[in-house]
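Engineer: Structure file coords33.pdb (PDB, C-alpha atoms, pLDDT in the B column) right here:
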ATOM      1  CA  MET A 795      -8.592-152.346  41.861  1.00 84.00           C
ATOM      2  CA  ALA A 796      -6.240-153.791  39.256  1.00 88.00           C
ATOM      3  CA  VAL A 797      -5.933-152.897  35.598  1.00 90.00           C
ATOM      4  CA  ARG A 798      -5.491-155.795  33.168  1.00 90.00           C
ATOM      5  CA  THR A 799      -4.580-155.887  29.504  1.00 93.00           C
ATOM      6  CA  VAL A 800      -6.371-158.583  27.545  1.00 91.00           C
ATOM      7  CA  ARG A 801      -5.861-159.562  23.917  1.00 95.00           C
ATOM      8  CA  LEU A 802      -8.957-160.733  22.067  1.00 94.00           C
ATOM      9  CA  ASP A 803      -9.159-162.254  18.627  1.00 96.00           C
ATOM     10  CA  ASP A 804     -11.545-160.755  16.066  1.00 96.00           C
ATOM     11  CA  ASP A 805     -14.394-163.205  16.765  1.00 96.00           C
ATOM     12  CA  THR A 806     -14.243-162.644  20.519  1.00 95.00           C
ATOM     13  CA  GLU A 807     -14.096-158.885  20.020  1.00 96.00           C
ATOM     14  CA  LYS A 808     -17.263-159.054  17.872  1.00 96.00           C
ATOM     15  CA  ILE A 809     -19.035-161.084  20.542  1.00 96.00           C
ATOM     16  CA  LEU A 810     -17.994-158.587  23.211  1.00 95.00           C
ATOM     17  CA  ASP A 811     -19.257-155.674  21.096  1.00 95.00           C
ATOM     18  CA  GLN A 812     -22.599-157.452  20.544  1.00 96.00           C
ATOM     19  CA  LEU A 813     -22.959-158.062  24.267  1.00 95.00           C
ATOM     20  CA  VAL A 814     -22.181-154.434  25.106  1.00 96.00           C
ATOM     21  CA  GLU A 815     -24.784-153.246  22.584  1.00 96.00           C
ATOM     22  CA  GLY A 816     -27.370-155.854  23.543  1.00 95.00           C
ATOM     23  CA  THR A 817     -27.135-155.513  27.309  1.00 94.00           C
ATOM     24  CA  GLY A 818     -25.994-151.927  27.735  1.00 96.00           C
ATOM     25  CA  MET A 819     -23.436-153.131  30.264  1.00 95.00           C
ATOM     26  CA  SER A 820     -19.847-151.950  30.294  1.00 95.00           C
ATOM     27  CA  ILE A 821     -17.022-154.195  29.138  1.00 95.00           C
ATOM     28  CA  SER A 822     -15.749-154.427  32.721  1.00 94.00           C
ATOM     29  CA  ALA A 823     -19.174-155.492  34.004  1.00 95.00           C
ATOM     30  CA  LEU A 824     -19.518-158.111  31.258  1.00 96.00           C
ATOM     31  CA  LEU A 825     -16.081-159.555  31.958  1.00 95.00           C
ATOM     32  CA  LYS A 826     -16.787-159.609  35.706  1.00 95.00           C
ATOM     33  CA  GLN A 827     -20.100-161.400  35.159  1.00 96.00           C
ATOM     34  CA  GLY A 828     -18.398-163.895  32.846  1.00 95.00           C
ATOM     35  CA  LEU A 829     -15.690-164.626  35.415  1.00 95.00           C
ATOM     36  CA  LEU A 830     -18.279-165.113  38.165  1.00 95.00           C
ATOM     37  CA  ALA A 831     -20.270-167.498  35.942  1.00 94.00           C
ATOM     38  CA  LEU A 832     -17.122-169.515  35.215  1.00 94.00           C
ATOM     39  CA  GLN A 833     -16.289-169.618  38.929  1.00 93.00           C
ATOM     40  CA  ASP A 834     -19.772-170.962  39.714  1.00 89.00           C
ATOM     41  CA  GLN A 835     -19.470-173.541  36.955  1.00 89.00           C
ATOM     42  CA  MET A 836     -16.086-174.772  38.164  1.00 90.00           C
ATOM     43  CA  SER A 837     -16.824-174.836  41.897  1.00 84.00           C
ATOM     44  CA  PRO A 838     -17.593-178.340  43.122  1.00 81.00           C
ATOM     45  CA  GLN A 839     -21.244-178.982  43.814  1.00 77.00           C
ATOM     46  CA  PRO A 840     -21.943-180.689  47.122  1.00 77.00           C
ATOM     47  CA  GLN A 841     -22.741-184.351  46.601  1.00 83.00           C
ATOM     48  CA  ARG A 842     -25.390-185.874  48.796  1.00 83.00           C
ATOM     49  CA  ALA A 843     -25.662-189.556  49.490  1.00 85.00           C
ATOM     50  CA  ALA A 844     -28.883-191.323  48.544  1.00 85.00           C
ATOM     51  CA  TYR A 845     -29.543-191.983  52.227  1.00 83.00           C
ATOM     52  CA  GLU A 846     -29.400-188.247  53.023  1.00 83.00           C
ATOM     53  CA  ILE A 847     -32.019-187.531  50.370  1.00 82.00           C
ATOM     54  CA  TYR A 848     -34.214-190.419  51.536  1.00 79.00           C
ATOM     55  CA  GLU A 849     -33.904-189.273  55.146  1.00 78.00           C
ATOM     56  CA  GLU A 850     -35.486-185.916  54.223  1.00 79.00           C
ATOM     57  CA  LEU A 851     -38.555-187.568  52.688  1.00 77.00           C
ATOM     58  CA  ASP A 852     -39.885-188.752  56.061  1.00 65.00           C
ATOM     59  CA  LEU A 853     -42.654-190.943  54.701  1.00 66.00           C
ATOM     60  CA  GLY A 854     -43.546-192.097  58.176  1.00 64.00           C
ATOM     61  CA  PRO A 855     -44.637-195.596  59.109  1.00 64.00           C
ATOM     62  CA  GLY A 856     -46.153-197.213  56.030  1.00 60.00           C
ATOM     63  CA  ASP A 857     -46.910-193.846  54.434  1.00 61.00           C
ATOM     64  CA  TYR A 858     -49.904-194.475  52.176  1.00 67.00           C
ATOM     65  CA  ALA A 859     -49.697-198.295  52.275  1.00 70.00           C
ATOM     66  CA  VAL A 860     -52.924-200.085  53.146  1.00 68.00           C
ATOM     67  CA  ALA A 861     -51.138-203.224  54.301  1.00 74.00           C
ATOM     68  CA  PRO A 862     -47.568-204.476  54.637  1.00 77.00           C
ATOM     69  CA  SER A 863     -46.039-206.059  51.546  1.00 76.00           C
ATOM     70  CA  THR A 864     -46.272-209.513  53.144  1.00 83.00           C
ATOM     71  CA  GLU A 865     -50.083-209.201  53.110  1.00 82.00           C
ATOM     72  CA  THR A 866     -50.614-207.847  49.604  1.00 85.00           C
ATOM     73  CA  SER A 867     -53.849-209.705  48.877  1.00 86.00           C
ATOM     74  CA  ARG A 868     -55.455-208.355  52.066  1.00 84.00           C
ATOM     75  CA  GLY A 869     -54.336-204.852  51.111  1.00 83.00           C
ATOM     76  CA  VAL A 870     -55.791-205.165  47.603  1.00 87.00           C
ATOM     77  CA  GLN A 871     -59.117-206.384  49.012  1.00 87.00           C
ATOM     78  CA  ALA A 872     -59.231-203.492  51.474  1.00 84.00           C
ATOM     79  CA  ALA A 873     -58.449-200.975  48.726  1.00 84.00           C
ATOM     80  CA  ILE A 874     -61.207-202.365  46.490  1.00 89.00           C
ATOM     81  CA  ARG A 875     -63.728-202.303  49.363  1.00 88.00           C
ATOM     82  CA  ARG A 876     -62.811-198.708  50.135  1.00 85.00           C
ATOM     83  CA  LYS A 877     -63.095-197.707  46.472  1.00 87.00           C
ATOM     84  CA  LEU A 878     -66.463-199.389  45.992  1.00 89.00           C
ATOM     85  CA  GLY A 879     -67.756-198.206  49.343  1.00 82.00           C
ATOM     86  CA  ARG A 880     -68.691-201.660  50.632  1.00 71.00           C
TER      87      ARG A 880
END
Please express the file's structure as structure tokens.
Structural biologist:
Amino acid sequence: MAVRTVRLDDDTEKILDQLVEGTGMSISALLKQGLLALQDQMSPQPQRAAYEIYEELDLGPGDYAVAPSTETSRGVQAAIRRKLGR
């Protein structure tokens, strides 16, 4: 375990005191948590391609479509018949 000397300006010292009082954590614990938060913020987030996201959806063949897009009018008629129960 290493010992570090850190110089804080008055405003930062006040913030640190408020955090110690408000959380009940030690100064070392607060500084460690702050460093870990900064590390998480700076680490690159994995970028996924749109295709990878789409691949996970697995809508299946046609999903909820009544008819293929080339036969829209037939699909609309079928949907209306199903809705009206005819």
Engineer: What is the atom CA of A:Gln812-atom CA of A:Arg798 distance in Å, reported with one decimal?
Structural biologist: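 Taking atom CA of A:Gln812 and atom CA of A:Arg798, their separation equals 21.3 Å.
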Engineer: Could you jot down the atom CA of A:Ser822 to atom CA of A:Ala796 separation for me, Å, one decimal place?
Structural biologist: 11.6 Å
Engineer: Would you compute the distance between atom CA of A:Leu810 and atom CA of A:Gln835? Give it in Å to one decimal.
Structural biologist: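 Between these atoms lies a distance of 20.4 Å.
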Engineer: Around all the atoms of stretch 812-815 of chain A listed in the file, draw an axis-aligned box and extend it by 8 Å on each of the six sides; I want its centre and edge lengths in Å to one decimal, as AutoDock Vina command-line options.
Structural biologist:
--center_x -23.5 --center_y -155.7 --center_z 22.8 --size_x 18.6 --size_y 20.8 --size_z 20.6
Engineer: Ranking A:Ala859, A:Asp803, A:Arg880, A:Leu813 by minimum distance to A:Gly828 and counting only C-alpha atoms, which one comes first?
Structural biologist: A:Leu813
Engineer: Measuring atom to atom with only C-alpha atoms, identify which of A:Met795, A:Ala873, A:Ile809, A:Leu851 is nearest to A:Ile821.
Structural biologist: A:Ile809
